[in-house]
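Data file: work_21.txt. Format and content: compact mmCIF, C-alpha atoms.
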```txt
# COMPACT_ATOMS: atom_id res chain seq x y z
CA MET A 1220 120.76 97.56 53.02
CA THR A 1221 122.85 100.65 53.66
CA ASP A 1222 123.57 101.79 57.15
CA ARG A 1223 121.28 104.75 56.70
CA LEU A 1224 118.40 102.60 55.54
CA ARG A 1225 118.99 100.22 58.42
CA GLU A 1226 118.89 103.15 60.83
CA ASN A 1227 115.63 104.39 59.30
CA PHE A 1228 114.18 100.93 59.57
CA ARG A 1229 115.11 100.69 63.23
CA ALA A 1230 113.76 104.19 63.91
CA THR A 1231 110.42 103.20 62.36
CA ALA A 1232 110.33 99.98 64.33
CA ARG A 1233 111.09 101.85 67.50
CA LYS A 1234 108.36 104.39 66.75
CA LEU A 1235 105.90 101.55 66.41
CA LEU A 1236 107.00 100.21 69.75
CA LEU A 1237 106.18 103.53 71.34
CA THR A 1238 102.53 102.60 71.00
CA GLU A 1239 102.79 98.82 71.03
CA SER A 1240 104.64 98.17 74.20
CA THR A 1241 104.46 94.47 74.97
CA PRO A 1242 105.45 91.30 73.14
CA SER A 1243 101.80 90.24 73.19
CA ALA A 1244 100.77 93.56 71.64
CA ARG A 1245 103.50 93.11 69.04
CA ASN A 1246 102.17 89.68 68.19
CA ARG A 1247 98.68 91.09 67.68
CA ASN A 1248 99.93 93.64 65.17
CA PRO A 1249 101.55 91.95 62.13
CA SER A 1250 103.23 95.11 60.89
CA VAL A 1251 104.85 95.65 64.28
CA ALA A 1252 105.84 91.99 64.47
CA ARG A 1253 107.45 92.17 61.01
CA ALA A 1254 109.25 95.40 61.74
CA THR A 1255 110.65 94.19 65.03
CA GLN A 1256 111.54 90.63 64.08
CA GLY A 1257 114.84 89.70 65.64
CA MET A 1258 114.95 92.80 67.79
CA PRO A 1259 114.88 92.62 71.59
CA ALA A 1260 111.54 93.50 73.22
CA MET A 1261 111.33 97.12 74.30
CA ARG A 1262 108.82 99.02 76.36
CA TYR A 1263 107.36 102.36 75.25
CA ASN A 1264 109.02 103.80 78.30
CA LEU A 1265 112.46 102.28 78.25
CA ARG A 1266 112.94 102.84 81.96
CA MET A 1267 109.76 101.03 82.83
CA ARG A 1268 110.27 97.78 84.69
CA ILE A 1269 107.10 96.40 86.11
CA ILE A 1270 106.54 92.89 87.32
CA ILE A 1271 103.26 91.00 87.38
CA VAL A 1272 103.16 89.11 90.65
CA ARG A 1273 101.42 85.75 90.53
CA GLU A 1274 103.70 84.10 93.09
CA PRO A 1275 104.92 85.81 96.29
CA VAL A 1276 107.93 88.07 95.90
CA ASP A 1277 110.84 88.12 98.31
CA GLU A 1278 112.36 91.08 100.12
CA SER A 1279 115.25 91.48 97.72
CA THR A 1280 112.89 91.77 94.73
CA LEU A 1281 110.83 94.45 96.43
CA SER A 1282 113.96 96.30 97.53
CA ALA A 1283 115.29 96.20 93.98
CA LEU A 1284 112.05 97.69 92.66
CA ALA A 1285 112.16 100.39 95.32
CA GLU A 1286 115.77 101.14 94.50
CA GLU A 1287 115.01 101.45 90.81
CA TRP A 1288 112.04 103.79 91.23
CA HIS A 1289 111.00 105.63 94.36
CA HIS A 1290 113.40 104.32 97.03
CA ALA A 1291 111.10 104.48 100.06
CA LEU A 1292 108.04 103.08 98.33
CA VAL A 1293 106.97 100.85 95.50
CA LYS A 1294 103.87 101.69 93.51
CA GLY A 1295 101.52 98.89 92.63
CA VAL A 1296 98.14 98.00 91.20
CA ALA A 1297 96.03 95.09 92.41
CA ASP A 1298 93.56 93.08 90.38
CA ILE A 1299 91.15 92.14 93.15
CA GLU A 1300 89.28 89.66 90.99
CA GLN A 1301 92.27 87.62 89.83
CA GLY A 1302 94.26 88.17 93.03
CA ILE A 1303 97.36 89.37 91.18
CA ALA A 1304 99.33 92.58 91.40
CA ALA A 1305 101.65 94.63 89.24
CA LEU A 1306 104.57 96.16 91.10
CA GLY A 1307 106.99 98.88 90.10
CA GLY A 1308 107.07 101.66 87.55
CA GLU A 1309 107.17 105.37 87.89
CA TRP A 1310 103.43 105.94 87.62
CA HIS A 1311 100.48 103.81 88.72
CA MET A 1312 99.09 104.24 85.22
CA ASP A 1313 101.96 102.16 83.79
CA ALA A 1314 101.27 99.21 86.09
CA ASN A 1315 97.54 99.63 85.47
CA ASN A 1316 98.10 99.43 81.71
CA ARG A 1317 100.29 96.36 82.05
CA LEU A 1318 97.53 94.52 83.89
CA VAL A 1319 94.94 95.59 81.31
CA GLU A 1320 97.24 94.25 78.59
CA GLU A 1321 97.38 90.99 80.55
CA GLY A 1322 93.61 90.74 80.47
CA SER A 1323 92.53 92.47 83.69
CA ARG A 1324 89.34 94.50 83.71
CA GLN A 1325 89.68 98.15 84.70
CA GLU A 1326 86.92 98.01 87.31
CA ASN A 1327 88.92 95.40 89.28
CA LEU A 1328 92.13 97.42 89.36
CA TRP A 1329 93.06 99.57 92.34
CA GLY A 1330 96.27 101.43 93.08
CA PHE A 1331 98.33 101.21 96.25
CA ASN A 1332 101.82 101.95 97.54
CA VAL A 1333 103.93 99.70 99.71
CA TYR A 1334 106.82 100.71 101.93
CA PRO A 1335 109.39 97.87 101.93
CA LYS A 1336 110.95 98.90 105.23
CA GLU A 1337 107.64 99.07 107.10
CA ARG A 1338 105.40 96.28 108.40
CA GLY A 1339 101.68 95.95 109.02
CA ASP A 1340 99.34 98.90 108.51
CA ALA A 1341 102.24 101.31 108.00
CA ALA A 1342 103.49 99.28 105.05
CA ILE A 1343 100.58 100.05 102.75
CA GLU A 1344 98.56 103.05 101.63
CA TYR A 1345 95.69 103.14 99.20
CA ILE A 1346 96.36 106.41 97.39
CA SER A 1347 96.58 106.59 93.62
CA LEU A 1348 95.34 108.67 90.76
CA ILE A 1349 93.76 105.58 89.20
CA ASN A 1350 91.50 105.15 92.24
CA ILE A 1351 89.32 108.09 91.23
CA ARG A 1352 86.33 106.10 90.03
CA PRO A 1353 83.07 108.06 90.58
CA ALA A 1354 81.10 105.44 88.66
CA GLN A 1355 82.17 102.88 91.27
CA GLY A 1356 81.52 105.24 94.17
CA ASN A 1357 85.13 106.29 94.76
CA ARG A 1358 85.47 110.02 94.27
CA GLY A 1359 88.93 110.52 95.75
CA MET A 1360 92.43 109.20 95.26
CA GLU A 1361 92.22 107.10 98.41
CA ILE A 1362 90.11 103.93 98.36
CA GLU A 1363 87.13 104.71 100.56
CA ASN A 1364 85.18 101.46 100.50
CA ASP A 1365 86.21 99.04 103.27
CA GLU A 1366 85.47 95.95 101.21
CA THR A 1367 87.63 97.16 98.35
CA ARG A 1368 90.46 98.08 100.73
CA THR A 1369 90.26 94.64 102.31
CA ALA A 1370 90.35 92.98 98.89
CA VAL A 1371 93.38 95.05 97.86
CA ARG A 1372 95.09 94.31 101.15
CA LYS A 1373 94.49 90.56 100.73
CA THR A 1374 95.91 90.65 97.22
CA VAL A 1375 98.98 92.57 98.37
CA ALA A 1376 99.41 90.29 101.40
CA LYS A 1377 99.47 87.31 99.04
CA ALA A 1378 101.93 89.00 96.69
CA ILE A 1379 104.22 90.38 99.41
CA PRO A 1380 103.77 88.11 102.45
CA PHE A 1381 106.66 89.50 104.49
CA LEU A 1382 104.95 92.89 104.91
CA GLY A 1383 102.72 91.37 107.59
CA LEU A 1384 99.47 92.75 106.21
CA MET B 1034 99.40 107.34 77.22
CA LYS B 1035 100.59 110.81 76.37
CA ARG B 1036 102.69 112.39 79.10
CA ASP B 1037 101.36 115.91 78.80
CA ALA B 1038 100.77 118.72 81.28
CA ALA B 1039 97.42 117.22 82.36
CA PHE B 1040 99.10 113.90 83.11
CA TYR B 1041 101.82 115.46 85.26
CA PHE B 1042 99.42 117.86 86.95
CA ALA B 1043 97.10 115.01 87.96
CA ASN B 1044 100.03 112.96 89.23
CA LEU B 1045 101.28 115.97 91.16
CA GLY B 1046 97.87 115.96 92.81
CA ALA B 1047 98.41 112.33 93.82
CA ASP B 1048 101.85 113.15 95.26
CA VAL B 1049 100.39 116.07 97.22
CA THR B 1050 97.57 113.84 98.50
CA ARG B 1051 100.22 111.45 99.85
CA CYS B 1052 101.87 114.45 101.53
CA ALA B 1053 98.57 115.48 103.11
CA HIS B 1054 97.96 111.91 104.26
CA ALA B 1055 101.41 111.77 105.88
CA ALA B 1056 100.87 115.17 107.51
CA LYS B 1057 97.55 113.96 108.92
CA SER B 1058 99.30 110.91 110.40
CA GLY B 1059 102.13 113.07 111.79
CA ASP B 1060 104.69 111.09 109.81
CA GLU B 1061 107.33 113.70 108.97
CA ALA B 1062 109.69 111.30 107.19
CA ARG B 1063 106.97 110.12 104.86
CA TYR B 1064 105.80 113.71 104.34
CA ASP B 1065 109.31 114.80 103.29
CA ASP B 1066 109.67 111.79 101.03
CA SER B 1067 106.34 112.45 99.32
CA LEU B 1068 107.15 116.15 99.03
CA ALA B 1069 110.43 115.33 97.27
CA ARG B 1070 108.48 113.17 94.82
CA ALA B 1071 105.97 116.01 94.31
CA TYR B 1072 108.81 118.37 93.39
CA ARG B 1073 110.16 115.86 90.90
CA THR B 1074 106.71 115.66 89.28
CA LEU B 1075 106.52 119.46 89.31
CA HIS B 1076 109.84 119.50 87.47
CA GLU B 1077 108.37 117.20 84.82
CA LEU B 1078 105.34 119.49 84.60
CA ARG B 1079 107.62 122.46 84.05
CA LYS B 1080 109.26 120.69 81.12
CA THR B 1081 105.92 120.50 79.29
CA ALA B 1082 106.22 124.23 78.60
CA ARG B 1083 102.80 125.01 79.98
CA PRO B 1084 103.67 127.82 82.41
CA GLU B 1085 100.08 128.21 83.62
CA ALA B 1086 99.98 124.54 84.67
CA TYR B 1087 103.33 124.91 86.40
CA GLU B 1088 102.03 128.00 88.26
CA GLU B 1089 98.98 126.03 89.40
CA GLY B 1090 101.27 123.24 90.54
CA LEU B 1091 103.26 125.68 92.62
CA LEU B 1092 100.04 127.01 94.13
CA MET B 1093 99.01 123.46 94.97
CA LEU B 1094 102.23 122.96 96.94
CA ARG B 1095 101.77 126.30 98.65
CA GLY B 1096 98.22 125.31 99.56
CA LEU B 1097 99.54 122.11 101.09
CA ALA B 1098 102.05 124.01 103.22
CA LEU B 1099 99.41 126.48 104.44
CA SER B 1100 96.80 123.81 105.13
CA ARG B 1101 99.09 122.04 107.58
CA ALA B 1102 98.27 124.76 110.12
CA THR B 1103 95.13 122.98 111.37
CA PRO B 1104 93.51 119.56 110.86
CA GLU B 1105 90.36 121.30 109.57
CA ALA B 1106 92.31 123.22 106.94
CA LEU B 1107 94.10 120.03 105.89
CA ALA B 1108 90.79 118.16 105.53
CA ALA B 1109 89.31 121.01 103.47
CA PHE B 1110 92.42 121.10 101.30
CA GLN B 1111 92.25 117.34 100.67
CA SER B 1112 88.60 117.60 99.72
CA SER B 1113 89.25 120.45 97.26
CA LEU B 1114 92.23 118.62 95.83
CA ASN B 1115 90.16 115.50 95.18
CA SER B 1116 87.56 117.57 93.33
CA LEU B 1117 90.20 119.32 91.25
CA ILE B 1118 92.17 116.21 90.34
CA GLY B 1119 88.99 114.23 89.72
CA ALA B 1120 88.30 116.43 86.71
CA PHE B 1121 91.79 115.79 85.33
CA SER B 1122 91.56 112.09 86.03
CA ALA B 1123 88.34 111.85 83.98
CA ARG B 1124 90.10 113.67 81.15
CA LEU B 1125 93.06 111.28 81.27
CA SER B 1126 90.92 108.17 81.12
CA ALA B 1127 88.66 109.58 78.37
```
Would you write the structure of this file as structure tokens?
Amino acid sequence: MTDRLRENFRATARKLLLTESTPSARNRNPSVARATQGMPAMRYNLRMRIIIVREPVDESTLSALAEEWHHALVKGVADIEQGIAALGGEWHMDANNRLVEEGSRQENLWGFNVYPKERGDAAIEYISLINIRPAQGNRGMEIENDETRTAVRKTVAKAIPFLGL
Amino acid sequence: MKRDAAFYFANLGADVTRCAHAAKSGDEARYDDSLARAYRTLHELRKTARPEAYEEGLLMLRGLALSRATPEALAAFQSSLNSLIGAFSARLSA
């Protein structure tokens, strides 16, 4: 294979990865899997680094996420049914999509922001574009329902225990 | 998801909502931090080459600044912003 052909091949593979962002998505699509065999996994947004939190994270992990993205805050999305959260990323939508790819249902996902240097109530806010859910009674970007807020808070408290939520 | 003008405009709305929330709480540091993020999103919006969307984004930030004059104005601004961004949010998830 000439260098030019190899470059074309890699460009095509990369283009496919723009829509098929995760290893699991790659595995579902045989043509993507073939085209990317032997290549390192890439995200559609190469800067995106989002972690799915199933076990509590420590302060250094949260600080690293803050440093990489928004400095004072870390964006996150909670799956209030499974009790897991996705942390990091530039936009809530990215974390939301990661959880959906992992099997979460959209109606259980709610966006939040955490402030690593704060503790208690000041450490969390419930504002996100993905929270606009008129069909579920939430018309604004802030979560209005107390039960939902409590469920999100519990999920975040489990994921980031040192915030004192 | 396509990062187009609608995407950045809606996210600008979320940044501005965080600003309004911080203003309501009297948290100046958080307000400034959210405002800086809003300007970064506005910059992304500008790059989409949709000048009318950029103009609306600028107006949104101006509205935020003016609404800080009174708590009532801030509450009215937040309510209008939610209505406006709600329409874009529905479009993004469609």
Find the spatial neighbours of stretch 1040-1054 of chain B, counting only C-alpha atoms, within a cut-off of 6 Å - ignore same-chain residues fewer than 6 positions away - and output them as a compact mmCIF listing (two decimals) with C-alpha atoms, in the frame of the given file.
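Listed below is the output, part_37.txt:
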```
# COMPACT_ATOMS: atom_id res chain seq x y z
CA LEU A 1348 95.34 108.67 90.76
CA TYR B 1064 105.80 113.71 104.34
CA SER B 1067 106.34 112.45 99.32
CA ALA B 1071 105.97 116.01 94.31
CA THR B 1074 106.71 115.66 89.28
CA LEU B 1078 105.34 119.49 84.60
CA ILE B 1118 92.17 116.21 90.34
CA PHE B 1121 91.79 115.79 85.33
```
Each residue of chain A lying at most 8 Å from chain B should get a row with its shortest atom-to-atom pair and the distance in Å to one decimal, counting only C-alpha atoms; could you produce that, ordered by chain and increasing number, as CSV?
```
residue,atom,partner,partner_atom,distance
A:His1289,CA,B:Arg1070,CA,8.0
A:Ala1291,CA,B:Asp1066,CA,7.5
A:Trp1310,CA,B:Asn1044,CA,8.0
A:Ile1346,CA,B:Arg1051,CA,6.8
A:Ser1347,CA,B:Ala1047,CA,6.0
A:Leu1348,CA,B:Ala1047,CA,5.7
A:Ile1349,CA,B:Ser1122,CA,7.6
A:Ile1351,CA,B:Gly1119,CA,6.3
A:Arg1358,CA,B:Gly1119,CA,7.1
A:Gly1359,CA,B:Asn1115,CA,5.2
A:Met1360,CA,B:Asn1115,CA,6.7
```
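Going from atom CA of A:Val1296 to atom CA of A:Ala1283 covers 17.5 Å.
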**Study point:** Selection: 12 Å around A:Phe1381, all atoms listed in the file, excl. self and same-chain fewer than 6 positions, as a ChimeraX atom specification
**Key:** /A:1275-1281,1333-1339,1342,1375
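The space between atom CA of B:Pro1104 and atom CA of A:Thr1367 spans 26.3 Å.
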**Study point:** Neighbour residues at most 12 Å from (100.9, 125.0, 97.3) (all atoms listed in the file) as a PyMOL selection string
**Key:** chain B and resi 1045-1046+1049-1050+1052-1053+1068+1071-1072+1075+1087-1101+1110+1114
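Note that the spacing between atom CA of A:Val1293 and atom CA of A:Arg1368 amounts to 17.5 Å.
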Please give the centre and size of the box around stretch 1381-1384 of chain A (axis-aligned, containing every atom listed in the file, 5 Å added per side), with values in Å to one decimal and written as JSON.
```
{"center_x": 103.1, "center_y": 91.2, "center_z": 106.0, "size_x": 17.2, "size_y": 13.4, "size_z": 13.1}
```
Check your understanding: In file coordinates, which residues lie within 10 Å of (87.3, 94.0, 97.1) using only C-alpha atoms, given as a ChimeraX atom specification?
Key -> /A:1297-1300,1302,1327-1329,1364-1374
**Study point:** Exercise: A:Ala1305 partners within 7 Å, all atoms listed in the file, chain neighbours under 3 positions left out, as a PyMOL selection string
**Key:** chain A and resi 1269-1272+1295-1297+1314+1318
